[in-house]
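Shown next: target_27.pdb, given as PDB, C-alpha atoms and all ligand atoms.
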```
ATOM      1  CA  MET A 141       1.638 -41.216 -10.987
ATOM      2  CA  GLY A 142       1.219 -37.762 -12.477
ATOM      3  CA  ILE A 143      -1.316 -35.213 -11.426
ATOM      4  CA  ALA A 144      -4.362 -34.433 -13.577
ATOM      5  CA  GLU A 145      -5.111 -30.878 -14.619
ATOM      6  CA  ARG A 146      -8.549 -30.653 -13.010
ATOM      7  CA  ALA A 147      -7.317 -32.065  -9.730
ATOM      8  CA  LEU A 148      -4.457 -29.574  -9.722
ATOM      9  CA  ILE A 149      -6.754 -26.607 -10.355
ATOM     10  CA  ALA A 150      -9.176 -27.775  -7.640
ATOM     11  CA  GLU A 151      -6.286 -28.038  -5.241
ATOM     12  CA  ILE A 152      -4.922 -24.585  -6.044
ATOM     13  CA  ARG A 153      -8.391 -23.134  -5.641
ATOM     14  CA  LYS A 154      -8.802 -24.732  -2.241
ATOM     15  CA  ARG A 155      -5.504 -23.353  -1.003
ATOM     16  CA  THR A 156      -6.123 -19.820  -2.199
ATOM     17  CA  GLY A 157      -6.305 -17.436   0.725
ATOM     18  CA  SER A 158      -9.101 -14.993   1.391
ATOM     19  CA  ARG A 159      -9.810 -12.839  -1.635
ATOM     20  CA  SER A 160      -8.655  -9.260  -1.628
ATOM     21  CA  ALA A 161     -11.250  -6.536  -2.156
ATOM     22  CA  ALA A 162     -10.077  -6.127  -5.756
ATOM     23  CA  VAL A 163     -11.064  -9.692  -6.713
ATOM     24  CA  ARG A 164     -14.794 -10.148  -7.323
ATOM     25  CA  VAL A 165     -14.344 -13.487  -9.126
ATOM     26  CA  GLY A 166     -11.102 -15.501  -8.917
ATOM     27  CA  ILE A 167     -10.292 -19.034 -10.076
ATOM     28  CA  GLY A 168     -13.244 -21.056 -11.393
ATOM     29  CA  ASP A 169     -14.878 -18.997 -14.133
ATOM     30  CA  ASP A 170     -13.944 -18.166 -17.713
ATOM     31  CA  CYS A 171     -12.332 -14.930 -16.589
ATOM     32  CA  ALA A 172     -11.401 -13.376 -13.295
ATOM     33  CA  VAL A 173     -13.373 -10.243 -12.452
ATOM     34  CA  LEU A 174     -11.279  -7.539 -10.833
ATOM     35  CA  SER A 175     -12.090  -4.043  -9.724
ATOM     36  CA  VAL A 176      -9.748  -1.219  -8.844
ATOM     37  CA  ALA A 177     -10.562   2.295  -7.615
ATOM     38  CA  ALA A 178     -11.979   4.756 -10.150
ATOM     39  CA  ASP A 179      -8.927   7.005  -9.799
ATOM     40  CA  GLU A 180      -6.429   4.195 -10.458
ATOM     41  CA  GLU A 181      -4.773   2.842 -13.582
ATOM     42  CA  ILE A 182      -3.938  -0.818 -14.180
ATOM     43  CA  LEU A 183      -0.370  -2.123 -14.529
ATOM     44  CA  VAL A 184       0.311  -5.368 -16.389
ATOM     45  CA  THR A 185       3.581  -7.285 -16.594
ATOM     46  CA  THR A 186       4.422 -10.744 -17.855
ATOM     47  CA  ASP A 187       7.479 -12.941 -17.320
ATOM     48  CA  MET A 188       8.491 -16.327 -18.633
ATOM     49  CA  CYS A 189      10.460 -18.714 -16.451
ATOM     50  CA  LEU A 190      12.022 -21.574 -18.372
ATOM     51  CA  GLU A 191      13.796 -24.558 -16.907
ATOM     52  CA  GLY A 192      17.389 -24.597 -18.117
ATOM     53  CA  ILE A 193      17.298 -20.869 -18.984
ATOM     54  CA  HIS A 194      16.016 -19.042 -15.905
ATOM     55  CA  PHE A 195      16.456 -21.829 -13.383
ATOM     56  CA  LEU A 196      18.034 -25.228 -12.994
ATOM     57  CA  GLY A 197      16.047 -27.794 -11.056
ATOM     58  CA  GLU A 198      19.156 -29.211  -9.409
ATOM     59  CA  TRP A 199      20.076 -25.837  -7.857
ATOM     60  CA  GLN A 200      16.685 -24.795  -6.597
ATOM     61  CA  THR A 201      13.728 -26.320  -4.830
ATOM     62  CA  ALA A 202      10.351 -25.976  -6.520
ATOM     63  CA  TYR A 203       9.286 -23.524  -3.819
ATOM     64  CA  SER A 204      12.331 -21.366  -4.436
ATOM     65  CA  VAL A 205      11.762 -21.371  -8.212
ATOM     66  CA  GLY A 206       8.155 -20.292  -7.621
ATOM     67  CA  GLN A 207       9.321 -17.504  -5.302
ATOM     68  CA  TRP A 208      11.740 -16.198  -7.931
ATOM     69  CA  CYS A 209       9.217 -16.388 -10.753
ATOM     70  CA  VAL A 210       6.536 -14.395  -8.969
ATOM     71  CA  THR A 211       9.078 -11.959  -7.521
ATOM     72  CA  ARG A 212      10.119 -10.945 -11.030
ATOM     73  CA  GLY A 213       6.578  -9.807 -11.815
ATOM     74  CA  LEU A 214       5.916  -8.219  -8.428
ATOM     75  CA  SER A 215       9.175  -6.313  -8.772
ATOM     76  CA  ASP A 216       7.987  -4.784 -12.062
ATOM     77  CA  ILE A 217       4.894  -3.514 -10.251
ATOM     78  CA  ALA A 218       7.189  -2.051  -7.561
ATOM     79  CA  ALA A 219       9.277  -0.315 -10.233
ATOM     80  CA  MET A 220       6.200   1.589 -11.419
ATOM     81  CA  GLY A 221       5.227   2.590  -7.874
ATOM     82  CA  GLY A 222       2.169   0.346  -7.896
ATOM     83  CA  ARG A 223       0.427  -2.136  -5.627
ATOM     84  CA  PRO A 224      -0.004  -5.763  -6.723
ATOM     85  CA  VAL A 225      -3.610  -6.815  -7.376
ATOM     86  CA  ALA A 226      -3.687 -10.230  -9.055
ATOM     87  CA  VAL A 227      -1.415 -12.941 -10.403
ATOM     88  CA  PHE A 228      -2.074 -15.367 -13.270
ATOM     89  CA  LEU A 229       0.056 -18.443 -13.804
ATOM     90  CA  SER A 230       0.351 -20.558 -16.936
ATOM     91  CA  LEU A 231       2.407 -23.660 -16.301
ATOM     92  CA  ALA A 232       3.596 -26.342 -18.702
ATOM     93  CA  CYS A 233       5.263 -29.454 -17.278
ATOM     94  CA  PRO A 234       6.478 -32.614 -18.986
ATOM     95  CA  GLU A 235       4.533 -35.773 -18.224
ATOM     96  CA  GLY A 236       5.933 -37.416 -15.140
ATOM     97  CA  THR A 237       6.866 -34.199 -13.322
ATOM     98  CA  GLU A 238       6.724 -34.946  -9.606
ATOM     99  CA  PRO A 239       3.323 -33.787  -8.286
ATOM    100  CA  VAL A 240       5.101 -32.450  -5.205
ATOM    101  CA  TRP A 241       7.246 -30.197  -7.434
ATOM    102  CA  ILE A 242       4.142 -28.732  -9.067
ATOM    103  CA  ARG A 243       2.354 -28.276  -5.740
ATOM    104  CA  ASP A 244       5.342 -26.565  -4.122
ATOM    105  CA  PHE A 245       5.897 -24.317  -7.130
ATOM    106  CA  VAL A 246       2.276 -23.185  -7.286
ATOM    107  CA  ASP A 247       2.156 -22.825  -3.523
ATOM    108  CA  ALA A 248       5.118 -20.443  -3.623
ATOM    109  CA  VAL A 249       3.584 -18.331  -6.387
ATOM    110  CA  ARG A 250       0.282 -18.155  -4.510
ATOM    111  CA  SER A 251       1.655 -17.460  -1.050
ATOM    112  CA  VAL A 252       4.307 -14.904  -2.079
ATOM    113  CA  ALA A 253       1.670 -13.064  -4.149
ATOM    114  CA  GLU A 254      -0.723 -13.101  -1.181
ATOM    115  CA  SER A 255       1.956 -11.740   1.138
ATOM    116  CA  TYR A 256       1.986  -8.627  -1.084
ATOM    117  CA  GLY A 257      -1.795  -8.354  -1.258
ATOM    118  CA  ALA A 258      -2.379 -10.095  -4.609
ATOM    119  CA  ASN A 259      -4.409 -13.269  -5.194
ATOM    120  CA  LEU A 260      -3.652 -16.002  -7.701
ATOM    121  CA  CYS A 261      -6.728 -15.482  -9.868
ATOM    122  CA  GLY A 262      -6.308 -17.920 -12.726
ATOM    123  CA  GLY A 263      -4.062 -19.290 -15.415
ATOM    124  CA  ASP A 264      -3.620 -22.387 -17.485
ATOM    125  CA  THR A 265      -1.865 -25.731 -17.271
ATOM    126  CA  ALA A 266      -0.538 -27.902 -20.063
ATOM    127  CA  ALA A 267       1.722 -30.891 -20.610
ATOM    128  CA  SER A 268       5.005 -29.985 -22.312
ATOM    129  CA  VAL A 269       7.389 -32.163 -24.303
ATOM    130  CA  SER A 270      10.563 -31.845 -22.298
ATOM    131  CA  SER A 271      10.967 -29.100 -19.719
ATOM    132  CA  ILE A 272       9.061 -26.890 -17.322
ATOM    133  CA  ALA A 273       7.862 -23.489 -18.511
ATOM    134  CA  ALA A 274       5.955 -20.991 -16.405
ATOM    135  CA  ASP A 275       4.467 -17.729 -17.575
ATOM    136  CA  ILE A 276       3.381 -15.358 -14.862
ATOM    137  CA  VAL A 277       1.229 -12.285 -15.408
ATOM    138  CA  VAL A 278       1.016  -9.802 -12.546
ATOM    139  CA  LEU A 279      -1.579  -7.039 -12.475
ATOM    140  CA  GLY A 280      -1.173  -3.995 -10.298
ATOM    141  CA  ALA A 281      -2.819  -0.656  -9.706
ATOM    142  CA  VAL A 282      -1.414   2.841  -9.367
ATOM    143  CA  PRO A 283      -3.075   6.238  -8.841
ATOM    144  CA  ARG A 284      -3.968   7.719 -12.218
ATOM    145  CA  GLY A 285      -1.060   9.488 -13.892
ATOM    146  CA  GLN A 286       1.377   8.615 -11.106
ATOM    147  CA  ALA A 287       3.167   5.526 -12.425
ATOM    148  CA  VAL A 288       6.928   6.163 -12.350
ATOM    149  CA  LEU A 289       8.289   5.625 -15.849
ATOM    150  CA  ARG A 290      11.762   4.947 -17.213
ATOM    151  CA  ARG A 291      11.633   8.036 -19.358
ATOM    152  CA  GLY A 292      11.548  10.775 -16.698
ATOM    153  CA  ALA A 293      15.269  11.187 -15.852
ATOM    154  CA  LYS A 294      16.525  14.778 -16.300
ATOM    155  CA  ILE A 295      20.046  16.147 -16.701
ATOM    156  CA  GLY A 296      21.406  16.926 -13.229
ATOM    157  CA  ASP A 297      19.230  14.358 -11.420
ATOM    158  CA  ALA A 298      20.962  12.193  -8.849
ATOM    159  CA  LEU A 299      20.961   8.416  -9.237
ATOM    160  CA  PHE A 300      19.985   6.095  -6.371
ATOM    161  CA  VAL A 301      19.615   2.390  -5.667
ATOM    162  CA  THR A 302      17.869   0.549  -2.821
ATOM    163  CA  GLY A 303      19.581  -2.196  -0.811
ATOM    164  CA  LYS A 304      22.853  -3.909  -1.682
ATOM    165  CA  LEU A 305      23.862  -5.477  -4.987
ATOM    166  CA  GLY A 306      25.847  -8.490  -6.150
ATOM    167  CA  THR A 307      24.677 -11.359  -3.944
ATOM    168  CA  SER A 308      22.746 -13.089  -6.695
ATOM    169  CA  GLN A 309      25.643 -13.044  -9.172
ATOM    170  CA  ALA A 310      28.202 -14.044  -6.534
ATOM    171  CA  GLU A 311      26.047 -17.026  -5.536
ATOM    172  CA  LEU A 312      25.564 -18.036  -9.165
ATOM    173  CA  ALA A 313      29.349 -18.057  -9.685
ATOM    174  CA  MET A 314      29.742 -20.270  -6.596
ATOM    175  CA  LEU A 315      27.083 -22.700  -7.875
ATOM    176  CA  LYS A 316      28.812 -22.919 -11.265
ATOM    177  CA  ALA A 317      32.151 -23.538  -9.569
ATOM    178  CA  GLY A 318      30.640 -26.242  -7.376
ATOM    179  CA  GLU A 319      31.408 -24.214  -4.234
ATOM    180  CA  CYS A 320      27.817 -24.347  -3.042
ATOM    181  CA  GLU A 321      24.941 -26.645  -3.872
ATOM    182  CA  GLU A 322      21.759 -24.697  -3.665
ATOM    183  CA  ARG A 323      20.335 -21.234  -4.274
ATOM    184  CA  ARG A 324      19.944 -19.549  -0.906
ATOM    185  CA  PHE A 325      19.545 -15.932  -2.011
ATOM    186  CA  MET A 326      15.910 -14.959  -2.090
ATOM    187  CA  PRO A 327      15.280 -11.550  -3.634
ATOM    188  CA  LYS A 328      12.324  -9.529  -2.375
ATOM    189  CA  PRO A 329      10.217  -7.176  -4.474
ATOM    190  CA  GLN A 330      10.517  -3.633  -3.082
ATOM    191  CA  ILE A 331       6.786  -2.967  -3.184
ATOM    192  CA  GLU A 332       6.557  -0.553  -0.264
ATOM    193  CA  ALA A 333       9.669   1.391  -1.272
ATOM    194  CA  GLY A 334       8.336   1.661  -4.835
ATOM    195  CA  GLN A 335       5.079   3.200  -3.627
ATOM    196  CA  LYS A 336       6.894   5.675  -1.366
ATOM    197  CA  LEU A 337       9.146   6.672  -4.274
ATOM    198  CA  ARG A 338       6.193   7.786  -6.423
ATOM    199  CA  SER A 339       6.488  11.297  -5.012
ATOM    200  CA  ILE A 340      10.313  11.370  -5.194
ATOM    201  CA  ALA A 341      11.564   9.466  -8.242
ATOM    202  CA  THR A 342      11.679  11.069 -11.693
ATOM    203  CA  ALA A 343      12.434   7.708 -13.351
ATOM    204  CA  MET A 344      12.599   4.166 -11.982
ATOM    205  CA  ILE A 345      13.380   0.578 -13.003
ATOM    206  CA  ASP A 346      13.907  -2.638 -11.077
ATOM    207  CA  ILE A 347      17.285  -4.357 -11.405
ATOM    208  CA  SER A 348      16.399  -7.605 -13.113
ATOM    209  CA  ASP A 349      19.081  -7.745 -15.796
ATOM    210  CA  GLY A 350      21.935  -6.007 -13.952
ATOM    211  CA  LEU A 351      22.683  -2.410 -12.907
ATOM    212  CA  SER A 352      24.624  -1.543 -16.087
ATOM    213  CA  THR A 353      21.915  -2.900 -18.390
ATOM    214  CA  ASP A 354      18.949  -1.511 -16.463
ATOM    215  CA  LEU A 355      20.582   1.916 -16.070
ATOM    216  CA  ALA A 356      21.193   1.958 -19.818
ATOM    217  CA  GLN A 357      17.433   1.398 -20.250
ATOM    218  CA  ILE A 358      16.635   4.497 -18.188
ATOM    219  CA  CYS A 359      19.216   6.470 -20.209
ATOM    220  CA  GLU A 360      17.829   5.299 -23.515
ATOM    221  CA  GLU A 361      14.215   6.041 -22.600
ATOM    222  CA  SER A 362      15.088   9.418 -21.060
ATOM    223  CA  GLY A 363      17.553  10.505 -23.786
ATOM    224  CA  VAL A 364      20.416  11.038 -21.309
ATOM    225  CA  SER A 365      23.670   9.422 -20.141
ATOM    226  CA  ALA A 366      24.660   8.481 -16.599
ATOM    227  CA  ILE A 367      27.823   8.480 -14.562
ATOM    228  CA  LEU A 368      28.309   6.000 -11.729
ATOM    229  CA  ASP A 369      30.694   6.397  -8.805
ATOM    230  CA  ALA A 370      32.383   3.014  -8.184
ATOM    231  CA  ASP A 371      33.040   3.882  -4.531
ATOM    232  CA  ALA A 372      29.357   4.581  -3.891
ATOM    233  CA  ILE A 373      27.951   1.300  -5.273
ATOM    234  CA  PRO A 374      26.552  -0.721  -2.333
ATOM    235  CA  VAL A 375      28.340  -4.036  -2.915
ATOM    236  CA  ALA A 376      26.876  -6.887  -0.828
ATOM    237  CA  LYS A 377      29.080  -8.890   1.523
ATOM    238  CA  GLY A 378      30.823 -11.700  -0.372
ATOM    239  CA  ALA A 379      30.318 -10.026  -3.754
ATOM    240  CA  GLN A 380      32.672  -8.048  -6.010
ATOM    241  CA  LEU A 381      32.072  -4.696  -7.694
ATOM    242  CA  ALA A 382      31.582  -6.484 -11.055
ATOM    243  CA  ASP A 383      28.801  -8.639  -9.508
ATOM    244  CA  ALA A 384      27.045  -5.484  -8.343
ATOM    245  CA  LEU A 385      27.513  -3.695 -11.690
ATOM    246  CA  HIS A 386      26.381  -6.463 -14.005
ATOM    247  CA  GLY A 387      24.621  -9.210 -12.006
ATOM    248  CA  GLY A 388      20.920  -9.745 -12.667
ATOM    249  CA  ASP A 389      18.063 -11.013 -10.479
ATOM    250  CA  GLU A 390      18.580  -8.355  -7.812
ATOM    251  CA  TYR A 391      15.107  -6.801  -7.739
ATOM    252  CA  GLN A 392      16.311  -3.666  -6.024
ATOM    253  CA  LEU A 393      15.015  -0.347  -7.360
ATOM    254  CA  LEU A 394      17.212   1.970  -9.417
ATOM    255  CA  PHE A 395      15.822   5.496  -9.608
ATOM    256  CA  THR A 396      16.616   9.102 -10.356
ATOM    257  CA  ALA A 397      15.520  12.111  -8.291
ATOM    258  CA  ARG A 398      16.186  15.843  -8.116
ATOM    259  CA  ALA A 399      19.711  16.259  -6.737
ATOM    260  CA  GLU A 400      18.851  19.258  -4.567
ATOM    261  CA  GLY A 401      16.176  17.454  -2.539
ATOM    262  CA  LYS A 402      16.729  16.377   1.059
ATOM    263  CA  VAL A 403      19.386  13.748   1.606
ATOM    264  CA  LEU A 404      17.821  10.366   0.943
ATOM    265  CA  THR A 405      19.310   7.484   2.930
ATOM    266  CA  ARG A 406      16.318   5.218   3.540
ATOM    267  CA  VAL A 407      12.897   4.612   2.046
ATOM    268  CA  ALA A 408      10.244   2.369   3.636
ATOM    269  CA  GLY A 409      12.979   1.048   5.941
ATOM    270  CA  VAL A 410      15.226   0.048   3.031
ATOM    271  CA  PRO A 411      18.678   1.691   2.820
ATOM    272  CA  VAL A 412      19.210   3.886  -0.224
ATOM    273  CA  SER A 413      22.586   4.765  -1.770
ATOM    274  CA  ARG A 414      23.329   7.727  -4.019
ATOM    275  CA  ILE A 415      25.471   6.144  -6.713
ATOM    276  CA  GLY A 416      25.816   8.696  -9.489
ATOM    277  CA  ALA A 417      24.221  11.341 -11.624
ATOM    278  CA  ILE A 418      22.412  11.928 -14.895
ATOM    279  CA  ARG A 419      24.327  13.832 -17.566
ATOM    280  CA  ARG A 420      23.653  15.173 -21.022
ATOM    281  CA  LYS A 421      23.439  12.374 -23.587
ATOM    282  CA  SER A 422      26.840  11.492 -24.969
ATOM    283  CA  LYS A 423      28.245   8.673 -27.068
ATOM    284  CA  HIS A 424      27.775   5.977 -24.451
ATOM    285  CA  ALA A 425      24.924   5.447 -22.025
ATOM    286  CA  VAL A 426      26.857   4.719 -18.837
ATOM    287  CA  TYR A 427      30.234   5.898 -17.504
ATOM    288  CA  LEU A 428      32.008   4.807 -14.332
ATOM    289  CA  ILE A 429      34.341   6.863 -12.162
ATOM    290  CA  GLU A 430      36.908   4.561 -10.606
ATOM    291  CA  ASP A 431      40.167   5.660  -8.937
ATOM    292  CA  GLY A 432      39.496   9.242  -9.984
ATOM    293  CA  ARG A 433      39.160   8.401 -13.665
ATOM    294  CA  SER A 434      36.056   8.171 -15.802
ATOM    295  CA  ARG A 435      35.641   5.337 -18.293
ATOM    296  CA  VAL A 436      32.864   3.883 -20.405
ATOM    297  CA  LEU A 437      30.990   1.177 -18.516
ATOM    298  CA  GLU A 438      30.234  -1.756 -20.728
ATOM    299  CA  VAL A 439      26.546  -2.670 -20.602
ATOM    300  CA  ALA A 440      27.144  -6.277 -19.657
ATOM    301  CA  GLY A 441      24.091  -7.493 -17.795
ATOM    302  CA  TRP A 442      21.801 -10.325 -18.785
ATOM    303  CA  GLN A 443      20.385 -10.410 -22.291
ATOM    304  CA  HIS A 444      18.695 -13.234 -24.154
ATOM    305  CA  ARG A 445      20.132 -13.961 -27.600
ATOM    306  CA  PHE A 446      18.055 -15.476 -30.385
TER     307      PHE A 446
HETATM  308 MG    MG B 501      11.430  -4.641 -14.788
END
```

Using structure tokens, write down the structure that the file contains.
Ligand SMILES: [Mg+2]
Amino acid sequence: MGIAERALIAEIRKRTGSRSAAVRVGIGDDCAVLSVAADEEILVTTDMCLEGIHFLGEWQTAYSVGQWCVTRGLSDIAAMGGRPVAVFLSLACPEGTEPVWIRDFVDAVRSVAESYGANLCGGDTAASVSSIAADIVVLGAVPRGQAVLRRGAKIGDALFVTGKLGTSQAELAMLKAGECEERRFMPKPQIEAGQKLRSIATAMIDISDGLSTDLAQICEESGVSAILDADAIPVAKGAQLADALHGGDEYQLLFTARAEGKVLTRVAGVPVSRIGAIRRKSKHAVYLIEDGRSRVLEVAGWQHRF
């Protein structure tokens, strides 16, 4: 027996935790009504999660898929230095989808969002023809004029990354090779670190598509090139340098800051590594120093092709 749309919405509404101060009206009206402080600006990000493209049901529980989906949006808010305010979920499932899958998925989206101060404030549900598709919109707030953009990197800035990289890609390779059965890695959005970095970072992005690809985005937007030091990349245990350079779904923060500032090793309790520098724009966006030699680093992270 499937689950009817109205019953599902009623259930989600019942499970929603206490409303944050920003939410005047949540689920149950034509629109949510939100308020942020007069000296704040609103951040909006949207992410699609498609079965077979972004996740495979056989490798992940519904709860884990929900965690990943909402983390992608929350991480974008972190990358701007903002605080999450509200989450909206549009979910399409084929007829016959296990009600427990839907409940667990929505529960993950709701509870992870709430753990970062944002309520699930609305969305839409629909029946799809063949596979599950979720679209998540996350709204955040940031003090006016203080959002950290991709375009602020300056020649001579140092390049930093939070946490360690490569676990997600290494685990994916093991799943594909049949060496493990289920996704265990659970990325966390670096919300607190992102807010602390507002006063330090000149440019920032979250690593969703891979270090090489996301760094190239900063370079492109800032009109610069970057050089990475292979020895300084914080490679996670069990991962290889290539996993850390090109693997997506990390959700750590990659940022630039003035090189002459105080030595930065930790922000909001998260370790920070200095991994390179920003240079004048040259032919390629990203270079890598390895064994004393500099070479062009292929931008080989995740990219959809149409
Ligand atoms: Mg992003």

Find the distance between atom CA of A:Ser352 and atom CA of A:Leu381 and write it in Å to one decimal. 11.7 Å

So, with all atoms listed in the file as the atoms that count, which of A:Thr211, A:Ser348, A:Ser270, A:Thr396 lies closest to ligand MG 501 (chain B)? A:Ser348

List the spatial neighbours of stretch 417-420 of chain A as a CSV table (one decimal) with C-alpha atoms, in the frame of the given file - criterion: any atom at most 12 Å away, all atoms listed in the file, same-chain residues fewer than 2 positions off excluded.
```csv
chain,number,residue,atom,x,y,z
A,292,GLY,CA,11.5,10.8,-16.7
A,293,ALA,CA,15.3,11.2,-15.9
A,294,LYS,CA,16.5,14.8,-16.3
A,295,ILE,CA,20.0,16.1,-16.7
A,296,GLY,CA,21.4,16.9,-13.2
A,297,ASP,CA,19.2,14.4,-11.4
A,298,ALA,CA,21.0,12.2,-8.8
A,299,LEU,CA,21.0,8.4,-9.2
A,300,PHE,CA,20.0,6.1,-6.4
A,301,VAL,CA,19.6,2.4,-5.7
A,342,THR,CA,11.7,11.1,-11.7
A,343,ALA,CA,12.4,7.7,-13.4
A,355,LEU,CA,20.6,1.9,-16.1
A,356,ALA,CA,21.2,2.0,-19.8
A,358,ILE,CA,16.6,4.5,-18.2
A,359,CYS,CA,19.2,6.5,-20.2
A,360,GLU,CA,17.8,5.3,-23.5
A,362,SER,CA,15.1,9.4,-21.1
A,363,GLY,CA,17.6,10.5,-23.8
A,364,VAL,CA,20.4,11.0,-21.3
A,365,SER,CA,23.7,9.4,-20.1
A,366,ALA,CA,24.7,8.5,-16.6
A,367,ILE,CA,27.8,8.5,-14.6
A,368,LEU,CA,28.3,6.0,-11.7
A,369,ASP,CA,30.7,6.4,-8.8
A,372,ALA,CA,29.4,4.6,-3.9
A,394,LEU,CA,17.2,2.0,-9.4
A,395,PHE,CA,15.8,5.5,-9.6
A,396,THR,CA,16.6,9.1,-10.4
A,397,ALA,CA,15.5,12.1,-8.3
A,398,ARG,CA,16.2,15.8,-8.1
A,399,ALA,CA,19.7,16.3,-6.7
A,400,GLU,CA,18.9,19.3,-4.6
A,413,SER,CA,22.6,4.8,-1.8
A,414,ARG,CA,23.3,7.7,-4.0
A,415,ILE,CA,25.5,6.1,-6.7
A,422,SER,CA,26.8,11.5,-25.0
A,423,LYS,CA,28.2,8.7,-27.1
A,424,HIS,CA,27.8,6.0,-24.5
A,425,ALA,CA,24.9,5.4,-22.0
A,426,VAL,CA,26.9,4.7,-18.8
A,427,TYR,CA,30.2,5.9,-17.5
A,428,LEU,CA,32.0,4.8,-14.3
A,429,ILE,CA,34.3,6.9,-12.2
```

Centre and size of axis-aligned box enclosing stretch 298-311 of chain A plus 5 Å each side, as AutoDock Vina command-line options:
```
--center_x 23.0 --center_y -2.4 --center_z -5.0 --size_x 20.3 --size_y 39.2 --size_z 18.4
```

Name all residues at most 9 Å from stretch 183-199 of chain A (count only C-alpha atoms; drop same-chain ones fewer than 6 positions away) and give them as number ranges by chain. A: 205, 208-210, 212-214, 216-217, 220, 222-224, 271-282, 287, 315, 321-323

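Selection by the PyMOL selection byres (((chain A and resi 441) around 6) and not hetatm) on the present file picks out Asp349, Gly350, Thr353, His386, Ala440 and Trp442 of chain A.
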
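Between A:Ser158 and the candidates A:Gly221, A:Gly206, A:Leu231, A:Asn259, the tightest atom-to-atom separation, counting only C-alpha atoms, involves A:Asn259.
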
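Closest to A:Glu151 among A:Thr237, A:Ala370, A:Gln286, A:Gly168 is A:Gly168, based on only C-alpha atoms.
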
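One finds atom CA of A:Ala258 at 8.5 Å from atom CA of A:Arg159.
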
Taking all atoms listed in the file into account, report as a list in words which residues have an atom no farther than 7 Å from an atom of ligand MG 501 (chain B). Ser215, Asp216, Ala219, Ile345, Asp346, Ile347 and Ser348 of chain A

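For A:Leu174, the set of protein, DNA and RNA residues having any atom at most 12 Å away, when counting all atoms listed in the file and skipping those fewer than 3 positions along the same chain, is Arg159, Ser160, Ala161, Ala162, Val163, Arg164, Val165, Gly166, Ile167, Cys171, Ala177, Ile182, Val225, Ala226, Val227, Ala258, Asn259, Leu260, Cys261, Gly262, Leu279, Gly280 and Ala281 of chain A.
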
Can you list, as a PyMOL selection string, the residues that the PyMOL selection byres (((chain A and resi 326) around 10) and not hetatm) selects here? chain A and resi 204-205+207-208+211+307-308+323-325+327-329+389-391

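Pairwise distance (atom CA of A:Glu254, atom CA of A:Ala310) equals 29.4 Å.
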
Care to translate the PyMOL selection byres (((chain A and resi 238) around 12) and not hetatm) into actual residues of this file, as a VMD selection string? chain A and resid 141 to 144 197 202 233 to 237 239 to 245 272

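Using all atoms listed in the file for every distance, the candidate list A:Leu337, A:Gly387, A:Val410, A:Ile373 yields A:Gly387 as the residue closest to A:Ala313.
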
Please complete stretch 376-387 of chain A so it has N, CA and C atoms, and hand it over as a PDB file, in the frame of the given file.
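Final output, saved to part-v8.pdb:
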```pdb
ATOM      1  N   ALA A 376      27.257  -5.978  -1.922  1.00  0.00           N
ATOM      2  CA  ALA A 376      26.876  -6.887  -0.828  1.00  0.00           C
ATOM      3  C   ALA A 376      28.100  -7.654  -0.324  1.00  0.00           C
ATOM      4  N   LYS A 377      28.011  -8.092   0.930  1.00  0.00           N
ATOM      5  CA  LYS A 377      29.080  -8.890   1.523  1.00  0.00           C
ATOM      6  C   LYS A 377      29.297 -10.165   0.687  1.00  0.00           C
ATOM      7  N   GLY A 378      30.531 -10.478   0.393  1.00  0.00           N
ATOM      8  CA  GLY A 378      30.823 -11.700  -0.372  1.00  0.00           C
ATOM      9  C   GLY A 378      30.773 -11.505  -1.873  1.00  0.00           C
ATOM     10  N   ALA A 379      30.397 -10.293  -2.309  1.00  0.00           N
ATOM     11  CA  ALA A 379      30.318 -10.026  -3.754  1.00  0.00           C
ATOM     12  C   ALA A 379      31.409  -9.032  -4.153  1.00  0.00           C
ATOM     13  N   GLN A 380      31.690  -8.983  -5.454  1.00  0.00           N
ATOM     14  CA  GLN A 380      32.672  -8.048  -6.010  1.00  0.00           C
ATOM     15  C   GLN A 380      31.927  -6.903  -6.710  1.00  0.00           C
ATOM     16  N   LEU A 381      32.676  -5.839  -6.987  1.00  0.00           N
ATOM     17  CA  LEU A 381      32.072  -4.696  -7.694  1.00  0.00           C
ATOM     18  C   LEU A 381      31.429  -5.143  -9.019  1.00  0.00           C
ATOM     19  N   ALA A 382      32.115  -6.034  -9.758  1.00  0.00           N
ATOM     20  CA  ALA A 382      31.582  -6.484 -11.055  1.00  0.00           C
ATOM     21  C   ALA A 382      30.239  -7.209 -10.876  1.00  0.00           C
ATOM     22  N   ASP A 383      30.084  -7.959  -9.782  1.00  0.00           N
ATOM     23  CA  ASP A 383      28.801  -8.639  -9.508  1.00  0.00           C
ATOM     24  C   ASP A 383      27.694  -7.598  -9.348  1.00  0.00           C
ATOM     25  N   ALA A 384      28.038  -6.535  -8.612  1.00  0.00           N
ATOM     26  CA  ALA A 384      27.045  -5.484  -8.343  1.00  0.00           C
ATOM     27  C   ALA A 384      26.734  -4.675  -9.601  1.00  0.00           C
ATOM     28  N   LEU A 385      27.712  -4.505 -10.482  1.00  0.00           N
ATOM     29  CA  LEU A 385      27.513  -3.695 -11.690  1.00  0.00           C
ATOM     30  C   LEU A 385      26.741  -4.440 -12.770  1.00  0.00           C
ATOM     31  N   HIS A 386      26.941  -5.746 -12.855  1.00  0.00           N
ATOM     32  CA  HIS A 386      26.381  -6.463 -14.005  1.00  0.00           C
ATOM     33  C   HIS A 386      25.465  -7.639 -13.644  1.00  0.00           C
ATOM     34  N   GLY A 387      25.410  -8.033 -12.386  1.00  0.00           N
ATOM     35  CA  GLY A 387      24.621  -9.210 -12.006  1.00  0.00           C
ATOM     36  C   GLY A 387      23.126  -8.933 -12.076  1.00  0.00           C
TER      37      GLY A 387
END
```
